[in-house]
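K.L.:
Here it is, the structure in full.
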Number of protein chains: 4
Amino acid sequence: MDTGRLEAFSDGVFAVAITLLALNLVIEGPVPHQVTPTLATQLVNHWPSFAAYAVSFATIGIIWVNHHALVRNFAKVDRPLLFLNLLLLFFVVSIPFATSTIAAYLLEGNADASLAAAIYQGVFEGMSISFTLLFWWAIRREHLRVALTAQQGRQATIRFGIGQLGYIAGIGLAFVSAPASLALSGLVAVCYIFERTPAAPQLPGGQRQGDHDEHPGA
Amino acid sequence: MDTGRLEAFSDGVFAVAITLLALNLVIEGPVPHQVTPTLATQLVNHWPSFAAYAVSFATIGIIWVNHHALVRNFAKVDRPLLFLNLLLLFFVVSIPFATSTIAAYLLEGNADASLAAAIYQGVFEGMSISFTLLFWWAIRREHLRVALTAQQGRQATIRFGIGQLGYIAGIGLAFVSAPASLALSGLVAVCYIFERTPAAPQLPGGQRQGDHDEHPGA
Amino acid sequence: MDTGRLEAFSDGVFAVAITLLALNLVIEGPVPHQVTPTLATQLVNHWPSFAAYAVSFATIGIIWVNHHALVRNFAKVDRPLLFLNLLLLFFVVSIPFATSTIAAYLLEGNADASLAAAIYQGVFEGMSISFTLLFWWAIRREHLRVALTAQQGRQATIRFGIGQLGYIAGIGLAFVSAPASLALSGLVAVCYIFERTPAAPQLPGGQRQGDHDEHPGA
Amino acid sequence: MDTGRLEAFSDGVFAVAITLLALNLVIEGPVPHQVTPTLATQLVNHWPSFAAYAVSFATIGIIWVNHHALVRNFAKVDRPLLFLNLLLLFFVVSIPFATSTIAAYLLEGNADASLAAAIYQGVFEGMSISFTLLFWWAIRREHLRVALTAQQGRQATIRFGIGQLGYIAGIGLAFVSAPASLALSGLVAVCYIFERTPAAPQLPGGQRQGDHDEHPGA
């Protein structure tokens with residue numbers, strides 16, 4: 001089974017989920033015959049929405065980059081892989097909900113803020129675990145075009161550890177300070193920008209096997 | 001006519017529909033100068049939304065996996081097939097509406113809950129019938145790359161029977177207990193995870209005809 | 001310039017627009033401490049939404065089938081073609097707005113209903129004219145893989161005439177009876193199911209030039 | 001790394017963002033037992049929404065055409081390019097928010113209107129800068145299939161200058177007149193229709209390197 005449609009469907013879900021994040025930013029226009037705060041005041045009070053939007057956008061963006069790197073190394077796709085991918089997408093699709101919840105409750109400063117932040121981190125933790133399962137299944141079933149070396153395996157373990165420990169710490173931190181918990185998720189996202197997944201090692205010649213363009217040996 | 005764009009458009013619709021499901025989960029933030037229940041209370045009272053989201057996500061996910069398996073076995077696509085595919089997508093696109101309706105009325109415990117659950121099951125039944133029509137047309141017109149054996153034909157009949165009988169039973173059950181009817185849809189989804197469609201038999205060498213990668217005989 | 005990405009982007013827009021149509025169907029749940037009509041009553045009163053949804057879904061679906069047939073016959077894509085395609089998508093993207101407007105005002109039975117129906121038909125007319133422009137540009141610039149015969153040219157003219165006259169008649173009819181105008185759009189959609197575009201004539205062997213699968217001469 | 005999935009994901013985001021613009025157009029139906037203005041009055045009063053929709057649609061459409069032209073000239077995609085592309089998409093995804101904000105506040109005629117127009121221009125400026133960064137990185141790392149000539153380099157500088165100066169002027173103009181600022185964005189969009197990016201020079205034979213169709217030398 002080829003990877004083309006797995007990528008097309010996943011890309012569609014990533015694209016819609018990342019675009020829906022911004023729906024939460026929409027500011028209500030002035031209501032006739034009623035006192036509305038100025039736009040500047042509304043924007044300032046709305047800052048948790050913008051912060052949560054930026055963190056969620058970066059997180060979905062990075063998981064897309066990594067998904068891209070992982071899937072292009074798949075030699076084939078079996079049915080369990082499709083369902084593990086659906087599990088990953090289940091959490092991706094939940095991110096707009098978790099984002100609007102944390103945005104609405106972040107400044108409440110009570111149990112609601114903590115719960116909202118814990119849900120937010122929990123969705124990221126679920127996404128991170130699903131991605132790891134997808135990765136492990138692909139290795140175990142020898143579905144990769146290019147197998148990982150022992151060193152790459154160690155790097156991958158460290159890499160996935162960053163996210164999973166970060167998000168678990170974030171769930172705990174949510175009950176101390178919800179804004180700090182949100183900041184931690186942002187920090188995890190920044191880490192992943194610089195730490196690359198080893199799931200897509202370069203083939204000799206920098207080519208993906210099976211690519212049609214510029215066959216080096218042709 | 002090639003299958004590429006049929007898949008691209010269908011994947012787009014599946015991806016948007018599955019992502020829109022989560023819009024229904026969004027919790028309102030606290031309203032100023034008004035008593036709002038705590039977030040925890042709202043989440044607990046909101047459980048029909050989460051249950052309906054999970055069942056609908058699994059159902060769309062599974063129909064996507066099966067659609068994927070069916071379409072990759074198409075040797076060509078004719079105009080009636082495009083319209084049967086649109087009929088399938090018509091029901092897929094209706095799922096977010098049916099999901100939000102059952103979520104809103106599930107706990108009403110009267111004729112409204114039953115009607116909402118019956119509509120939900122009815123949309124799934126329509127989707128299931130459209131998928132069967134798509135399958136039958138492809139077989140009848142000999143559009144498949146690899147024809148089904150008699151045994152695979154029997155398996156397919158059984159398989160489609162599970163869903164269609166399940167959803168018809170669900171329509172009836174809706175008038176006894178709406179939550180039980182929702183649970184039945186979830187059960188049907190779980191069945192389909194383990195029961196594979198025979199629409200995409202393995203070619204010798206595990207390859208899809210026409211694949212460009214790694215031609216075994218090249 | 002290849003047609004792949006033109007199709008991918010257009011398919012994305014078609015897919016999102018067709019799925020957003022259903023957002024308009026969403027029924028409000030019962031409001032606490034307030035008398036809400038039963039779900040059955042709401043659904044019956046909501047019939048213009050369902051009728052408009054069905055007509056708009058069929059119309060977008062058919063224009064997608066025709067777009068698919070036209071674009072696969074393109075040998076190349078130039079910049080004006082991209083902008084004519086954007087013009088077509090401009091009207092496609094406006095359909096969810098026009099659909100929710102006609103659904104909200106259809107039963108008002110006054111100037112509002114007529115105006116809403118005229119806007120609805122006007123968006124379809126704009127879509128139809130853009131599609132014709134796209135077709136004419138492709139013919140004039142000899143961008144088609146397979147040129148049309150004189151008879152196919154006549155059929156195409158008749159075909160595009162059906163839609164454009166139908167929608168102009170619909171704009172007029174809107175000021176007599178808004179529901180009759182909506183019914184006329186549905187009738188135009190049904191006509192197009194049976195009347196095929198000649199934009200994608202069959203190549204010898206039923207193949208699209210440049211297809212990779214099953215090279216007949218290989 | 002191939003460009004296919006970069007294009008698929010970007011196209012998905014462009015497609016969803018451009019379609020979500022129209023959500024802002026939706027007119028409320030008549031509210032029972034309440035005086036609602038006629039549909040015609042609502043549409044006339046709603047003109048900033050339609051104007052902002054047209055400008056934003058044209059701007060996203062044009063950036064898509066240019067993105068398309070740029071990416072098809074990429075010989076390979078590295079990780080920084082993926083993140084620069086995400087930065088571009090971050091601003092694209094923010095356009096529906098900026099559009100609904102300017103539409104809601106354009107007629108307020110005070111500091112709110114100016115702020116809303118300045119945000120709108122600011123998002124376009126961010127998008128324009130990200131696109132330039134994407135372009136510069138591709139040139140610097142010699143990722144292009146066909147290198148630019150000195151003259152093409154000058155044209156590109158002029159071209160990007162139009163947009164960036166236009167949007168900076170628009171931010172300033174927002175504090176003088178918000179509607180004039182919106183009109184300026186529309187003017188920039190019209191300029192870009194006629195001014196082509198030199199990022200995708202024609203290869204000999206009008207072919208993209210690596211295309212499979214009709215190999216001229218085969």
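Identifiers in this document derive from the order of the structure tokens: chains are assigned A, B, ..., residues are numbered from 1 separately in each chain, and ligands are numbered from 1 in order of occurrence.
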Could you list, as a PyMOL selection string, the residues of chain C having an atom within 12 Å of chain A when counting only C-alpha atoms?
P.N.:
chain C and resi 8-9+11-13+15-16+19-20+212
K.L.:
Could you name the residues that touch region 97-103 of chain D at 6 Å or less, counting only C-alpha atoms, but leaving out those on the same chain fewer than 3 positions away, as a list of chain:residue names?
P.N.:
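The residues that qualify are A:Val26, D:Pro48, D:Ser49, D:Ala52, D:Ser94, D:Leu106, D:Ala116, D:Ala117, D:Tyr120.
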K.L.:
The selected residues should be written to file as a short mmCIF file (atom, residue, chain, number, x, y, z; two decimals), in the first residue's frame (atoms: N, CA, C and O atoms).
P.N.:
```cif
data_model
loop_
_atom_site.label_atom_id
_atom_site.label_comp_id
_atom_site.auth_asym_id
_atom_site.auth_seq_id
_atom_site.Cartn_x
_atom_site.Cartn_y
_atom_site.Cartn_z
N VAL A 26 -11.19 35.48 16.61
CA VAL A 26 -12.13 36.50 16.10
C VAL A 26 -12.70 37.36 17.23
O VAL A 26 -13.16 36.87 18.24
N PRO D 48 -18.47 46.76 4.34
CA PRO D 48 -17.04 46.54 4.66
C PRO D 48 -16.67 45.06 4.64
O PRO D 48 -15.56 44.69 4.26
N SER D 49 -17.63 44.18 5.03
CA SER D 49 -17.34 42.75 4.98
C SER D 49 -17.08 42.30 3.55
O SER D 49 -16.16 41.52 3.29
N ALA D 52 -13.71 43.80 2.32
CA ALA D 52 -12.56 43.13 2.94
C ALA D 52 -12.42 41.70 2.42
O ALA D 52 -11.30 41.21 2.20
N SER D 94 -3.76 33.80 9.73
CA SER D 94 -4.26 34.95 10.51
C SER D 94 -5.14 35.88 9.67
O SER D 94 -5.80 36.77 10.23
N LEU D 106 -14.42 48.89 10.52
CA LEU D 106 -14.04 49.86 9.49
C LEU D 106 -14.87 51.14 9.58
O LEU D 106 -14.34 52.25 9.37
N ALA D 116 -7.76 48.49 13.67
CA ALA D 116 -8.18 47.30 12.90
C ALA D 116 -7.50 47.30 11.53
O ALA D 116 -7.00 46.26 11.07
N ALA D 117 -7.46 48.47 10.87
CA ALA D 117 -6.83 48.55 9.54
C ALA D 117 -5.32 48.33 9.64
O ALA D 117 -4.72 47.69 8.77
N TYR D 120 -4.67 44.65 9.99
CA TYR D 120 -4.90 44.02 8.69
C TYR D 120 -3.67 44.18 7.79
O TYR D 120 -3.15 43.21 7.23
#
```
K.L.:
Apply DSSP to the backbone of this structure and, from region 5-113 of chain C, keep only the residues in helix (DSSP H, G or I); write these as a ChimeraX atom specification.
P.N.:
/C:5-25,39-45,47-71,79-108,111-113
K.L.:
Suppose you want the space between CA of Ile168 (chain C) and CA of Val55 (chain D); what is it in Å?
P.N.:
27.0 Å
K.L.:
To one decimal place in Å, what is the distance between CA of Val77 (chain D) and CA of Ile60 (chain D)?
P.N.:
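A separation of 22.7 Å between them.
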K.L.:
Please measure the separation of CA of Ser10 (chain C) and CA of His67 (chain C), giving the value in Å to one decimal.
P.N.:
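Separating CA of Ser10 (chain C) from CA of His67 (chain C) is a distance of 9.0 Å.
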K.L.:
Which residues, written as number ranges by chain, have at least one atom at most 8 Å from Leu25 (chain C), with only C-alpha atoms counted and residues fewer than 2 positions away on the same chain left out?
P.N.:
B: 97; C: 21-23, 27, 49-50, 53
